[in-house]
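**Q** Take this structure, written in structure tokens, and hold onto it; I'll ask about it next.
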Amino acid sequence: MDERIKNLLATLAVLQRADSARAALEKNLAGVEQRLSTLQNQLMAYQEQLKTSQGQLEQVKKQYRTDEVEIKSIDAAIVKSDEKLGYVKTNKEYQSMLKEIDDLKLKKSDIEDRMLSVLDQIETVEKKVICDKADLEDMKREVEEKQKAVRSEAEAQQREVASLHQEREEIWAELDPKMQKMYARAMHQGHGVAVAAVIEGVCQVCRMNIPPQAYIELMRLDALSLCPNCQRIIYPKAVIEVESAGVRD
Ligand SMILES: [Zn+2]
């Protein structure tokens, strides 16, 4: 067993751990904007809801005002007809004028009924507007809190990424250029994973069995081995101690 190979494999495994942890964090960080905008959209749905209710309220109030104006004009017409009643000459004219006044009063009563129902509607919609305003305020607080949490989590992850990056740079600087090249190639071929542990003869990344002869060579630890299947640098998990790569204080 070559002690240098053993140490090198341990170093490569730590390097891989740092790179994998960083990649996972970066993937998560890439989704942060999406999460923030989803929350923003939730808030906007509540704003729309309130706007709709306010629009409804405006409409029913407008209806009420229109009815008020119409009532005034009917009242004026009734007063005018009442005055005319004193000047009519024939009974026929008199009857016709009475009929006109009755019709106006009937119309007025219909509008007054409608106004009562509109008043009910105003009351209902006003309550809805108050509810929607309260819901919006709650949602605003909730969204702000969630966005704050997302942002602070992202900041913590960014710090972790920076720390992992520094850790990998330090390890990288210690590697000789040949090793750097080998790692970079395995990383490229292995779609972001250059180093794989082998447990009980199985490559833990591609899940293929290492052929017996290759396994014997791997366990000897006198040279670096690649997985015959995925071409990643492999190390026997049972023998290599991997220090945990993680955030340093
Ligand atoms: Zn493999």
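In the structure tokens, each chain is lettered A, B, ... as it comes, each chain's residues begin at 1, and ligands are numbered from 1 in order of appearance.
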Can you tell me which residues come within 6 Å of ligand 1 when counting only C-alpha atoms and all ligand atoms, ideally as a ChimeraX atom specification?
**A** /A:203,205-206,208,227,229-230,232
**Q** Could you save those same residues with C-alpha atoms as a PDB file, in the first residue's frame?
**A**
```
ATOM      1  CA  CYS A 203     -19.077   1.859  -7.654  1.00  0.00           C
ATOM      2  CA  VAL A 205     -22.028   6.515  -8.478  1.00  0.00           C
ATOM      3  CA  CYS A 206     -22.692   4.282 -11.506  1.00  0.00           C
ATOM      4  CA  MET A 208     -21.666  -1.165 -11.460  1.00  0.00           C
ATOM      5  CA  CYS A 227     -14.091   2.842 -12.510  1.00  0.00           C
ATOM      6  CA  ASN A 229     -17.572   1.654 -16.351  1.00  0.00           C
ATOM      7  CA  CYS A 230     -17.935   5.372 -15.576  1.00  0.00           C
ATOM      8  CA  ARG A 232     -14.479   8.164 -12.341  1.00  0.00           C
TER       9      ARG A 232
END
```
**Q** Enumerate as JSON, numbers by chain all residues of region 168-226 of chain A assigned to strand (DSSP E) by DSSP on the backbone, naming them with the chain letters and numbers the document uses.
**A** {"A": [195, 196, 197, 198, 199, 202, 203, 225, 226]}
**Q** Please report the interatomic distance between CA of Gln158 (chain A) and CA of Arg22 (chain A) in Å with one decimal.
**A**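 These atoms are spaced 9.4 Å apart.
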**Q** Pick out the residues sitting within 9 Å of Pro211 (chain A), and hand them over as number ranges by chain; count only C-alpha atoms, and ignore anything fewer than 5 positions along from it in its own chain.
**A** A: 201, 216, 228
**Q** Using only C-alpha atoms, determine which residues lie at most 10 Å from Leu119 (chain A), disregarding the query and same-chain residues fewer than 3 positions distant; provide the list as a list in words.
**A**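 My list of contacting residues is Val60, Lys61, Gln63, Tyr64, Asp113, Arg114, Met115, Leu116, Ile122, Glu123, Thr124 and Val125 of chain A.
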**Q** Could you tell me which of A:Leu224, A:Cys131, A:Ala23, A:Val69 comes closest to Gln157 (chain A) if we count only C-alpha atoms?
**A**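 Distance minimum relative to Gln157 (chain A) lands on A:Ala23.
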**Q** Which residues come within 10 Å of Glu153 (chain A), counting only C-alpha atoms, excluding same-chain residues fewer than 6 positions away, as a list in words?
**A**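 Listing them by chain and then by number gives Leu29, Val32, Gln147 and Arg159 of chain A.
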**Q** Applying 9 Å and only C-alpha atoms, which residues near Leu98 (chain A) remain after dropping the ones on its own chain fewer than 6 positions away? List them as a PyMOL selection string.
**A** chain A and resi 81-82+85
**Q** Give me every alpha helix (DSSP H) residue in region 8-247 of chain A, going by DSSP on the backbone, as a PyMOL selection string.
**A** chain A and resi 8-30+32-85+91-174+177-189+212-220
**Q** As JSON, numbers by chain, please: the residues near Glu3 (chain A) (cut-off 12 Å, only C-alpha atoms, same-chain neighbours under 4 positions excluded).
**A** {"A": [7, 8, 9, 10, 220, 221, 222, 223, 224, 239, 240]}
**Q** Rank nothing, just name the residue among A:Leu25, A:Glu126, A:Met44, A:Met97 nearest to Lys80 (chain A), using only C-alpha atoms.
**A**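 Answer, going by the shortest atom-to-atom distance: A:Met97.
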**Q** Nearest to Ile234 (chain A): which of A:Ala196, A:Ala134, A:Met179, A:Val79 is it, counting only C-alpha atoms?
**A** A:Ala196
**Q** Using only C-alpha atoms for the distances, tell me which of A:Glu100, A:Glu58, A:Glu155, A:Glu112 is nearest to Glu26 (chain A).
**A**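 Checking each of A:Glu100, A:Glu58, A:Glu155, A:Glu112 against Glu26 (chain A), counting only C-alpha atoms, the winner is A:Glu155.
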